[in-house]
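Visitor: For reference, the file work_22.csv (CSV, C-alpha atoms) is included below:
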chain,number,residue,atom,x,y,z
M,1,MET,CA,26.2,7.2,-8.0
M,2,LYS,CA,24.5,7.1,-4.7
M,3,TYR,CA,21.5,4.8,-4.1
M,4,THR,CA,19.7,4.0,-0.8
M,5,GLY,CA,18.1,0.6,-0.2
M,6,ILE,CA,16.4,-1.4,-3.0
M,7,ILE,CA,15.9,0.7,-6.2
M,8,TYR,CA,12.6,0.2,-7.9
M,9,ARG,CA,11.6,1.3,-11.4
M,10,PRO,CA,8.8,0.5,-13.9
M,11,PRO,CA,9.8,-2.2,-16.4
M,12,PHE,CA,9.5,0.3,-19.3
M,13,GLU,CA,12.2,2.5,-17.7
M,14,ALA,CA,14.9,-0.2,-18.2
M,15,GLY,CA,16.9,2.0,-20.5
M,16,SER,CA,16.7,5.1,-18.4
M,17,LEU,CA,19.4,6.7,-16.2
M,18,LEU,CA,18.3,6.2,-12.6
M,19,LEU,CA,19.0,9.4,-10.6
M,20,GLN,CA,18.3,9.4,-6.8
M,21,VAL,CA,16.7,12.6,-5.5
M,22,THR,CA,14.7,11.2,-2.6
M,23,SER,CA,14.8,8.0,-0.6
M,24,GLY,CA,11.7,6.1,0.7
M,25,CYS,CA,8.2,7.4,0.4
M,26,SER,CA,6.6,10.4,2.0
M,27,HIS,CA,3.2,8.7,2.4
M,28,ASN,CA,4.3,5.1,3.0
M,29,LYS,CA,0.8,4.1,4.2
M,30,CYS,CA,-0.7,2.2,1.3
M,31,SER,CA,-2.1,-1.1,2.8
M,32,PHE,CA,-0.7,-3.3,0.0
M,33,CYS,CA,2.8,-1.8,-0.3
M,34,TYR,CA,6.0,-3.3,1.1
M,35,MET,CA,8.6,-1.4,-0.8
M,36,TYR,CA,10.0,1.2,1.6
M,37,LYS,CA,9.1,0.0,5.1
M,38,ASP,CA,12.7,0.1,6.3
M,39,VAL,CA,13.7,3.3,4.4
M,40,PRO,CA,12.9,6.6,6.1
M,41,PHE,CA,11.9,9.3,3.7
M,42,SER,CA,14.7,11.8,3.0
M,43,VAL,CA,15.7,14.3,0.3
M,44,GLU,CA,19.1,14.3,-1.4
M,45,PRO,CA,21.1,17.5,-1.2
M,46,ILE,CA,21.3,19.2,-4.6
M,47,GLU,CA,25.1,18.9,-4.3
M,48,GLN,CA,24.8,15.1,-4.2
M,49,VAL,CA,22.5,15.1,-7.2
M,50,LYS,CA,25.0,17.2,-9.2
M,51,LYS,CA,27.8,14.9,-8.2
M,52,ASP,CA,25.9,12.0,-9.5
M,53,LEU,CA,25.1,13.8,-12.7
M,54,ALA,CA,28.8,14.6,-13.2
M,55,GLU,CA,29.6,10.9,-12.8
M,56,ALA,CA,26.7,9.9,-15.2
M,57,ARG,CA,28.1,12.4,-17.8
M,58,GLU,CA,31.4,10.6,-17.7
M,59,TYR,CA,29.9,7.2,-18.5
M,60,TYR,CA,26.6,8.0,-20.2
M,61,PRO,CA,27.0,11.4,-22.0
M,62,ASP,CA,24.4,10.6,-24.6
M,63,THR,CA,21.6,9.8,-22.0
M,64,ARG,CA,18.2,10.8,-23.4
M,65,ARG,CA,15.9,9.6,-20.6
M,66,VAL,CA,16.2,10.1,-16.8
M,67,PHE,CA,14.0,8.4,-14.2
M,68,LEU,CA,14.2,10.1,-10.8
M,69,GLU,CA,14.4,7.8,-7.8
M,70,ASN,CA,13.3,6.6,-5.3
M,71,GLY,CA,9.6,6.2,-4.4
M,72,ASP,CA,8.3,9.7,-4.2
M,73,PRO,CA,10.3,12.4,-6.1
M,74,PHE,CA,7.3,14.4,-7.0
M,75,SER,CA,6.7,15.2,-3.4
M,76,LEU,CA,9.5,17.7,-3.8
M,77,SER,CA,8.6,21.3,-4.3
M,78,ALA,CA,8.3,22.6,-7.9
M,79,ARG,CA,11.2,24.9,-7.1
M,80,ARG,CA,13.5,21.9,-6.2
M,81,LEU,CA,12.3,19.9,-9.2
M,82,ILE,CA,13.0,22.8,-11.5
M,83,GLU,CA,16.5,23.1,-10.0
M,84,ILE,CA,17.1,19.4,-10.6
M,85,GLY,CA,15.7,19.6,-14.2
M,86,GLN,CA,18.1,22.5,-15.0
M,87,ALA,CA,21.0,20.5,-13.5
M,88,ILE,CA,20.1,17.5,-15.6
M,89,HIS,CA,20.2,19.5,-18.8
M,90,GLU,CA,23.4,21.2,-17.8
M,91,TYR,CA,25.3,17.9,-17.3
M,92,LEU,CA,23.4,15.8,-19.8
M,93,PRO,CA,22.2,18.1,-22.6
M,94,LYS,CA,20.8,15.3,-24.8
M,95,VAL,CA,18.1,14.4,-22.2
M,96,GLU,CA,14.6,14.6,-23.7
M,97,ASN,CA,12.5,13.2,-20.9
M,98,ILE,CA,12.6,13.3,-17.1
M,99,SER,CA,10.2,10.8,-15.5
M,100,MET,CA,9.5,9.5,-12.0
M,101,TYR,CA,7.0,7.9,-9.6
M,102,ALA,CA,4.3,10.4,-8.7
M,103,SER,CA,1.0,10.4,-6.7
M,104,ILE,CA,-2.3,12.1,-6.8
M,105,ARG,CA,-1.4,13.7,-3.4
M,106,ASN,CA,1.7,15.4,-4.6
M,107,ILE,CA,0.2,16.8,-7.8
M,108,LYS,CA,-2.0,18.9,-5.4
M,109,GLY,CA,1.0,20.8,-4.2
M,110,LYS,CA,1.9,22.2,-7.6
M,111,SER,CA,0.1,25.1,-9.3
M,112,ASP,CA,-1.0,25.0,-12.9
M,113,GLU,CA,1.9,27.4,-13.8
M,114,GLU,CA,4.4,25.2,-12.0
M,115,LEU,CA,3.2,22.1,-13.8
M,116,ALA,CA,3.6,23.9,-17.1
M,117,GLN,CA,7.2,25.0,-16.2
M,118,LEU,CA,8.1,21.4,-15.3
M,119,ARG,CA,6.8,20.2,-18.7
M,120,GLU,CA,8.9,22.8,-20.5
M,121,LEU,CA,11.9,21.3,-18.8
M,122,GLY,CA,11.1,17.9,-20.1
M,123,PHE,CA,9.2,16.4,-17.1
M,124,ASN,CA,6.8,13.9,-18.7
M,125,GLN,CA,5.4,10.4,-18.6
M,126,PHE,CA,5.1,10.0,-14.9
M,127,ASN,CA,4.3,6.6,-13.4
M,128,ILE,CA,1.3,7.1,-11.1
M,129,GLY,CA,-0.2,4.5,-8.7
M,130,VAL,CA,-3.8,5.3,-9.6
M,131,GLU,CA,-4.7,1.7,-8.5
M,132,SER,CA,-8.5,2.1,-8.8
M,133,GLY,CA,-11.3,4.5,-9.7
M,134,LEU,CA,-13.6,3.2,-7.0
M,135,ASP,CA,-13.7,5.0,-3.7
M,136,GLU,CA,-14.2,1.8,-1.7
M,137,ALA,CA,-11.0,0.3,-3.1
M,138,LEU,CA,-9.0,3.6,-2.6
M,139,LYS,CA,-10.1,3.7,1.0
M,140,LEU,CA,-9.2,0.0,1.5
M,141,MET,CA,-5.8,0.6,0.1
M,142,ASN,CA,-5.3,3.8,2.2
M,143,LYS,CA,-4.3,5.9,-0.8
M,144,GLY,CA,-5.1,9.2,0.9
M,145,TYR,CA,-7.5,10.5,-1.8
M,146,ASN,CA,-10.8,9.6,-3.5
M,147,ALA,CA,-11.8,9.1,-7.1
M,148,LYS,CA,-13.0,12.7,-7.6
M,149,GLU,CA,-9.7,14.1,-6.4
M,150,ALA,CA,-7.8,11.6,-8.7
M,151,PHE,CA,-9.8,12.8,-11.7
M,152,TYR,CA,-9.2,16.5,-10.9
M,153,GLU,CA,-5.5,16.2,-10.3
M,154,LEU,CA,-4.8,13.9,-13.3
M,155,SER,CA,-6.8,16.3,-15.5
M,156,ARG,CA,-4.6,19.2,-14.3
M,157,LEU,CA,-1.5,17.1,-15.2
M,158,ARG,CA,-2.8,16.4,-18.7
M,159,ASN,CA,-3.8,20.1,-19.2
M,160,ALA,CA,-0.2,20.9,-18.5
M,161,GLY,CA,0.8,18.5,-21.3
M,162,ILE,CA,2.3,15.9,-19.0
M,163,ASP,CA,1.5,12.3,-20.0
M,164,TYR,CA,1.2,9.6,-17.3
M,165,ALA,CA,1.3,5.8,-17.0
M,166,ALA,CA,-1.5,4.5,-14.8
M,167,ASN,CA,-0.8,1.6,-12.4
M,168,VAL,CA,-4.0,-0.4,-11.9
M,169,ILE,CA,-4.3,-3.1,-9.2
M,170,LEU,CA,-6.8,-5.8,-10.2
M,171,GLY,CA,-8.7,-7.2,-7.2
M,172,SER,CA,-8.2,-4.1,-5.1
M,173,ALA,CA,-11.8,-4.0,-4.1
M,174,GLY,CA,-12.2,-7.7,-3.5
M,175,PRO,CA,-14.4,-10.2,-5.5
M,176,LYS,CA,-17.8,-8.8,-4.4
M,177,LEU,CA,-17.0,-5.4,-6.1
M,178,LEU,CA,-14.9,-6.6,-9.0
M,179,ARG,CA,-17.4,-5.4,-11.6
M,180,GLU,CA,-17.9,-2.0,-10.0
M,181,ASN,CA,-14.1,-1.7,-9.6
M,182,ALA,CA,-13.4,-2.5,-13.2
M,183,ILE,CA,-16.0,-0.1,-14.6
M,184,ALA,CA,-15.1,2.8,-12.2
M,185,THR,CA,-11.4,2.4,-13.0
M,186,ALA,CA,-12.1,2.3,-16.8
M,187,ARG,CA,-14.2,5.4,-16.4
M,188,LEU,CA,-11.4,7.3,-14.6
M,189,LEU,CA,-8.8,6.2,-17.2
M,190,ASN,CA,-11.0,7.1,-20.1
M,191,GLU,CA,-11.5,10.6,-18.7
M,192,THR,CA,-7.8,11.2,-17.9
M,193,THR,CA,-6.2,9.4,-20.9
M,194,PRO,CA,-3.0,7.8,-19.7
M,195,TYR,CA,-0.4,6.9,-22.4
M,196,LEU,CA,0.1,3.5,-20.8
M,197,VAL,CA,-2.0,1.3,-18.5
M,198,PHE,CA,0.1,-0.9,-16.2
M,199,THR,CA,-1.9,-3.7,-14.6
M,200,THR,CA,-1.0,-5.9,-11.7
M,201,THR,CA,-2.9,-8.2,-9.4
M,202,LEU,CA,-3.2,-7.5,-5.7
M,203,HIS,CA,-0.1,-9.3,-4.3
M,204,ALA,CA,0.7,-8.8,-0.6
M,205,GLU,CA,3.9,-9.5,1.3
M,206,PRO,CA,4.0,-10.2,5.0
M,207,VAL,CA,5.1,-6.7,5.9
M,208,SER,CA,2.1,-5.1,4.2
M,209,PRO,CA,-1.0,-4.3,6.3
M,210,ILE,CA,-3.4,-6.0,3.9
M,211,TYR,CA,-1.5,-9.3,4.3
M,212,GLU,CA,-2.8,-9.6,7.9
M,213,ASP,CA,-6.3,-8.8,6.7
M,214,MET,CA,-6.1,-11.6,4.2
M,215,LYS,CA,-4.8,-14.0,6.8
M,216,SER,CA,-7.6,-13.1,9.3
M,217,GLY,CA,-10.3,-13.2,6.6
M,218,LYS,CA,-11.1,-9.5,6.9
M,219,PHE,CA,-10.2,-9.1,3.2
M,220,ILE,CA,-11.0,-11.9,0.8
M,221,GLU,CA,-8.7,-12.2,-2.2
M,222,SER,CA,-10.0,-12.8,-5.6
M,223,THR,CA,-9.6,-16.2,-7.2
M,224,ILE,CA,-7.7,-16.7,-10.4
M,225,GLY,CA,-11.0,-16.7,-12.3
M,226,GLU,CA,-12.2,-13.5,-10.6
M,227,TYR,CA,-8.9,-11.7,-11.4
M,228,ILE,CA,-9.4,-12.7,-15.1
M,229,GLU,CA,-13.0,-11.6,-15.1
M,230,GLU,CA,-12.2,-8.2,-13.6
M,231,GLU,CA,-9.5,-7.7,-16.2
M,232,GLU,CA,-11.9,-8.6,-19.0
M,233,ILE,CA,-14.5,-6.1,-17.8
M,234,LEU,CA,-11.8,-3.4,-17.5
M,235,LEU,CA,-10.6,-4.1,-21.1
M,236,LYS,CA,-14.2,-4.1,-22.4
M,237,ASN,CA,-14.9,-0.7,-20.8
M,238,LEU,CA,-11.6,1.0,-21.8
M,239,ASP,CA,-12.2,3.6,-24.6
M,240,LEU,CA,-8.7,4.9,-25.1
M,241,SER,CA,-6.8,6.1,-28.2
M,242,ASP,CA,-3.2,5.2,-28.8
M,243,THR,CA,-2.6,3.8,-25.3
M,244,LEU,CA,-0.3,0.9,-24.4
M,245,PHE,CA,-1.9,-1.9,-22.3
M,246,PHE,CA,1.0,-3.3,-20.3
M,247,GLY,CA,0.0,-6.5,-18.5
M,248,LEU,CA,3.5,-8.0,-18.1
M,249,HIS,CA,4.0,-7.6,-14.4
M,250,PRO,CA,5.1,-11.0,-12.8
M,251,SER,CA,1.9,-11.0,-10.6
M,252,ASN,CA,-0.5,-11.0,-13.6
M,253,ILE,CA,-2.5,-14.2,-14.2
M,254,LEU,CA,-2.2,-13.6,-18.0
M,255,ARG,CA,0.6,-11.9,-19.8
M,256,LEU,CA,-1.1,-9.3,-22.0
M,257,TYR,CA,0.5,-6.5,-24.1
M,258,GLY,CA,-1.0,-4.5,-26.9
M,259,ARG,CA,-2.0,-1.0,-28.0
M,260,LEU,CA,-5.5,0.3,-27.6
M,261,PRO,CA,-7.8,0.5,-29.4
M,262,ASP,CA,-6.2,-1.5,-32.3
M,263,ASP,CA,-5.4,-4.7,-30.2
M,264,LYS,CA,-8.5,-4.6,-27.9
M,265,ASN,CA,-10.3,-7.5,-29.5
M,266,ALA,CA,-7.1,-9.6,-29.6
M,267,LEU,CA,-6.5,-8.9,-25.9
M,268,LEU,CA,-10.0,-9.8,-25.0
M,269,ARG,CA,-9.7,-13.1,-26.9
So, in terms of structure tokens, how does the structure I just supplied come out?

Guide:
Amino acid sequence: MKYTGIIYRPPFEAGSLLLQVTSGCSHNKCSFCYMYKDVPFSVEPIEQVKKDLAEAREYYPDTRRVFLENGDPFSLSARRLIEIGQAIHEYLPKVENISMYASIRNIKGKSDEELAQLRELGFNQFNIGVESGLDEALKLMNKGYNAKEAFYELSRLRNAGIDYAANVILGSAGPKLLRENAIATARLLNETTPYLVFTTTLHAEPVSPIYEDMKSGKFIESTIGEYIEEEEILLKNLDLSDTLFFGLHPSNILRLYGRLPDDKNALLR
């Protein structure tokens, strides 16, 4: 099967078939990100996708879950995604779920009817870099949208029956706004009800723009104690039903894993 550059996937997609349909990221401007700096965005021809599916059928005919690669598959048109979904079911008829990385920006390009069509084909449980519900943090991270837009687009996604996992970056607003950031993020998550909350701390590599801001002092990184304080405030303000709290990313100060609301008190302790 064809793969370009380093292949990234969420930890909870470890058992999924990884099917490349795009390379790189169509936005590739987030100030903290270093993942696709040397990979130009491109789209795989449908012929290559079908070739890869034919190979997958030979080795993994009982595949039930597919994760589309690489960084930005939902930037594809609904028409192309439907074509890919139909091909997946043709070659791997036991597939129940088709997931991928997605963003607030590329939900905008899909109509409500198109989102419903994708859900009927098994597209579900997208991994979305929400990062924060605070406008100051979203601007700092150069996400390309604000909190109001995030709420609207995530609500459209859920109305279509598509679940999503929310990536949250602790410390994304800096220490001075840690309380505001935690409360605003919890509010956004409570209103859009992800099935999973995936927390990381703000970790910057030398190729990411925010790394230079940290070096120059333009952006002050939270201390270990401030990261923990922000996560505690976030947890206290989360009011979610039957949602996984996945705090197992290597960057996390504390390894936390549990289901909300049942494990909330244990997580806070």

Visitor: So what do you get for CA of Asn265 (chain M) versus CA of Lys236 (chain M), distance-wise?

Guide: 8.8 Å

Visitor: Do a neighbour search on Thr192 (chain M) at 9 Å with all atoms listed in the file, toss out local chain neighbours closer than 5 positions, and write the hits as a list in words.

Guide: Phe151, Tyr152, Leu154, Ser155, Arg158 and Arg187 of chain M

Visitor: Select from region 117-166 of chain M every residue with an atom at most 12 Å from any atom of region 26-32 of chain M, then for each give the shortest pair of atoms and their distance in Å to one decimal, using all atoms listed in the file, rows by chain and rising number, as JSON lines.

Guide:
{"residue": "M:Gly129", "atom": "CA", "partner": "M:Cys30", "partner_atom": "CA", "distance": 10.3}
{"residue": "M:Val130", "atom": "CA", "partner": "M:Cys30", "partner_atom": "CA", "distance": 11.7}
{"residue": "M:Glu131", "atom": "CA", "partner": "M:Cys30", "partner_atom": "CA", "distance": 10.6}
{"residue": "M:Ala137", "atom": "CA", "partner": "M:Ser31", "partner_atom": "CA", "distance": 10.8}
{"residue": "M:Leu138", "atom": "CA", "partner": "M:Cys30", "partner_atom": "CA", "distance": 9.3}
{"residue": "M:Lys139", "atom": "CA", "partner": "M:Ser31", "partner_atom": "CA", "distance": 9.5}
{"residue": "M:Leu140", "atom": "CA", "partner": "M:Ser31", "partner_atom": "CA", "distance": 7.3}
{"residue": "M:Met141", "atom": "CA", "partner": "M:Ser31", "partner_atom": "CA", "distance": 4.9}
{"residue": "M:Asn142", "atom": "CA", "partner": "M:Cys30", "partner_atom": "CA", "distance": 5.0}
{"residue": "M:Lys143", "atom": "CA", "partner": "M:Cys30", "partner_atom": "CA", "distance": 5.6}
{"residue": "M:Gly144", "atom": "CA", "partner": "M:Cys30", "partner_atom": "CA", "distance": 8.3}
{"residue": "M:Tyr145", "atom": "CA", "partner": "M:Cys30", "partner_atom": "CA", "distance": 11.2}

Visitor: Find the residues of region 78-137 of chain M that sit at most 10 Å from region 37-48 of chain M; for each, write down the nearest two atoms and how far apart they are in Å, to one decimal. Count only C-alpha atoms. Sort by chain, then by number going up, and give it as JSON lines.

Guide:
{"residue": "M:Arg80", "atom": "CA", "partner": "M:Ile46", "partner_atom": "CA", "distance": 8.4}
{"residue": "M:Glu83", "atom": "CA", "partner": "M:Ile46", "partner_atom": "CA", "distance": 8.2}
{"residue": "M:Ile84", "atom": "CA", "partner": "M:Ile46", "partner_atom": "CA", "distance": 7.3}
{"residue": "M:Ala87", "atom": "CA", "partner": "M:Ile46", "partner_atom": "CA", "distance": 9.0}

Visitor: Would you mind listing what lies within 10 Å of Leu19 (chain M) as a list of chain:residue names, with only C-alpha atoms counted and same-chain residues fewer than 2 positions away left out?

Guide: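 Non-adjacent residues within range: M:Met1, M:Lys2, M:Tyr3, M:Ser16, M:Leu17, M:Val21, M:Thr22, M:Val49, M:Lys50, M:Asp52, M:Leu53, M:Ala56, M:Val66, M:Phe67, M:Leu68, M:Glu69, M:Asn70, M:Ile88, M:Ile98, M:Met100.
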
Visitor: Any idea what the distance is between CA of Glu149 (chain M) and CA of Arg65 (chain M)?

Guide: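 Between CA of Glu149 (chain M) and CA of Arg65 (chain M) the gap is 29.6 Å.
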
Visitor: With distances taken over all atoms listed in the file, which of M:Ile82, M:Ile233, M:Ala186, M:Asn97 is nearest to Leu118 (chain M)?

Guide: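 The shortest atom-to-atom distance to Leu118 (chain M) comes from M:Ile82.
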
Visitor: What's the separation between CA of Ala182 (chain M) and CA of Phe74 (chain M), in Å to one decimal place?

Guide: 27.4 Å

Visitor: Give me, as a compact mmCIF listing (two decimals) with C-alpha atoms, keeping the file's coordinate frame, all polymer residues having an atom no more than 7 Å from region 165-174 of chain M, counting only C-alpha atoms and skipping those fewer than 6 positions away in the same chain.

Guide:
# COMPACT_ATOMS: atom_id res chain seq x y z
CA GLN M 125 5.40 10.40 -18.60
CA PHE M 126 5.10 10.00 -14.90
CA ASN M 127 4.30 6.60 -13.40
CA ILE M 128 1.30 7.10 -11.10
CA GLY M 129 -0.20 4.50 -8.70
CA VAL M 130 -3.80 5.30 -9.60
CA GLU M 131 -4.70 1.70 -8.50
CA SER M 132 -8.50 2.10 -8.80
CA GLU M 136 -14.20 1.80 -1.70
CA ALA M 137 -11.00 0.30 -3.10
CA ASN M 181 -14.10 -1.70 -9.60
CA PRO M 194 -3.00 7.80 -19.70
CA TYR M 195 -0.40 6.90 -22.40
CA LEU M 196 0.10 3.50 -20.80
CA VAL M 197 -2.00 1.30 -18.50
CA PHE M 198 0.10 -0.90 -16.20
CA THR M 199 -1.90 -3.70 -14.60
CA THR M 200 -1.00 -5.90 -11.70
CA THR M 201 -2.90 -8.20 -9.40
CA LEU M 202 -3.20 -7.50 -5.70
CA ILE M 220 -11.00 -11.90 0.80
CA GLU M 221 -8.70 -12.20 -2.20
CA SER M 222 -10.00 -12.80 -5.60
CA TYR M 227 -8.90 -11.70 -11.40
CA GLU M 230 -12.20 -8.20 -13.60
CA GLU M 231 -9.50 -7.70 -16.20

Visitor: List as a PyMOL selection string the protein and nucleic acid residues near Gln86 (chain M), meaning an atom at most 9 Å away when all atoms listed in the file are counted, but skip any in the same chain fewer than 5 places from it.

Guide: chain M and resi 81+91+121

Visitor: I need the residue nearest Arg119 (chain M) from this list: M:Ser251, M:Ser99, M:Thr223, M:Thr185. Use only C-alpha atoms for the distance.

Guide: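 Checking each candidate against Arg119 (chain M), we get M:Ser99 as the closest.
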
Visitor: For Asn252 (chain M), which of M:Ile224, M:Glu96, M:Lys218, M:His89 is the closest residue, counting all atoms listed in the file?

Guide: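 When distances to Asn252 (chain M) are compared using all atoms listed in the file, the smallest one comes from M:Ile224.
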
Visitor: Between M:Thr4, M:Thr193, M:Ser208, M:Ser216, which has the minimum distance to Tyr34 (chain M) (counting only C-alpha atoms)?

Guide: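 Nearest candidate to Tyr34 (chain M) out of M:Thr4, M:Thr193, M:Ser208, M:Ser216: M:Ser208.
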
Visitor: Could I get region 182-211 of chain M rebuilt with N, CA and C atoms, written as a short mmCIF file (atom, residue, chain, number, x, y, z; two decimals), in the frame of the given file?

Guide:
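So out36.cif came out as:
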data_model
loop_
_atom_site.label_atom_id
_atom_site.label_comp_id
_atom_site.auth_asym_id
_atom_site.auth_seq_id
_atom_site.Cartn_x
_atom_site.Cartn_y
_atom_site.Cartn_z
N ALA M 182 -13.86 -2.52 -11.81
CA ALA M 182 -13.40 -2.50 -13.20
C ALA M 182 -14.02 -1.33 -13.97
N ILE M 183 -15.32 -1.16 -13.81
CA ILE M 183 -16.00 -0.10 -14.60
C ILE M 183 -15.61 1.27 -14.09
N ALA M 184 -15.51 1.46 -12.77
CA ALA M 184 -15.10 2.80 -12.20
C ALA M 184 -13.68 3.11 -12.64
N THR M 185 -12.80 2.12 -12.64
CA THR M 185 -11.40 2.40 -13.00
C THR M 185 -11.32 2.70 -14.50
N ALA M 186 -12.06 1.97 -15.33
CA ALA M 186 -12.10 2.30 -16.80
C ALA M 186 -12.59 3.68 -17.02
N ARG M 187 -13.61 4.09 -16.28
CA ARG M 187 -14.20 5.40 -16.40
C ARG M 187 -13.11 6.50 -16.12
N LEU M 188 -12.39 6.31 -15.02
CA LEU M 188 -11.40 7.30 -14.60
C LEU M 188 -10.25 7.35 -15.69
N LEU M 189 -9.83 6.19 -16.19
CA LEU M 189 -8.80 6.20 -17.20
C LEU M 189 -9.25 6.79 -18.51
N ASN M 190 -10.49 6.51 -18.90
CA ASN M 190 -11.00 7.10 -20.10
C ASN M 190 -11.06 8.61 -20.07
N GLU M 191 -11.35 9.13 -18.88
CA GLU M 191 -11.50 10.60 -18.70
C GLU M 191 -10.14 11.29 -18.60
N THR M 192 -9.10 10.56 -18.18
CA THR M 192 -7.80 11.20 -17.90
C THR M 192 -6.72 10.74 -18.92
N THR M 193 -7.03 9.81 -19.80
CA THR M 193 -6.20 9.40 -20.90
C THR M 193 -4.74 9.17 -20.67
N PRO M 194 -4.38 8.14 -19.91
CA PRO M 194 -3.00 7.80 -19.70
C PRO M 194 -2.36 7.33 -21.06
N TYR M 195 -1.05 7.47 -21.22
CA TYR M 195 -0.40 6.90 -22.40
C TYR M 195 -0.13 5.45 -22.28
N LEU M 196 -0.22 4.94 -21.03
CA LEU M 196 0.10 3.50 -20.80
C LEU M 196 -0.76 3.09 -19.54
N VAL M 197 -1.33 1.89 -19.60
CA VAL M 197 -2.00 1.30 -18.50
C VAL M 197 -1.24 0.07 -18.04
N PHE M 198 -0.79 0.08 -16.78
CA PHE M 198 0.10 -0.90 -16.20
C PHE M 198 -0.66 -1.74 -15.20
N THR M 199 -1.06 -2.96 -15.53
CA THR M 199 -1.90 -3.70 -14.60
C THR M 199 -1.07 -4.71 -13.78
N THR M 200 -1.48 -4.87 -12.53
CA THR M 200 -1.00 -5.90 -11.70
C THR M 200 -2.14 -6.53 -10.91
N THR M 201 -1.93 -7.68 -10.31
CA THR M 201 -2.90 -8.20 -9.40
C THR M 201 -2.51 -7.80 -7.97
N LEU M 202 -3.43 -7.90 -7.05
CA LEU M 202 -3.20 -7.50 -5.70
C LEU M 202 -2.27 -8.59 -5.02
N HIS M 203 -0.98 -8.32 -4.93
CA HIS M 203 -0.10 -9.30 -4.30
C HIS M 203 0.47 -8.65 -3.03
N ALA M 204 0.34 -9.37 -1.94
CA ALA M 204 0.70 -8.80 -0.60
C ALA M 204 1.83 -9.60 0.00
N GLU M 205 2.80 -8.87 0.52
CA GLU M 205 3.90 -9.50 1.30
C GLU M 205 3.62 -9.38 2.75
N PRO M 206 4.26 -10.23 3.58
CA PRO M 206 4.00 -10.20 5.00
C PRO M 206 4.13 -8.90 5.72
N VAL M 207 4.95 -7.99 5.21
CA VAL M 207 5.10 -6.70 5.90
C VAL M 207 4.03 -5.70 5.54
N SER M 208 3.17 -6.03 4.59
CA SER M 208 2.10 -5.10 4.20
C SER M 208 0.87 -5.31 5.05
N PRO M 209 0.18 -4.22 5.45
CA PRO M 209 -1.00 -4.30 6.30
C PRO M 209 -2.09 -5.25 5.77
N ILE M 210 -2.31 -5.22 4.46
CA ILE M 210 -3.40 -6.00 3.90
C ILE M 210 -3.13 -7.50 3.98
N TYR M 211 -1.87 -7.87 4.13
CA TYR M 211 -1.50 -9.30 4.30
C TYR M 211 -2.19 -9.88 5.53
#
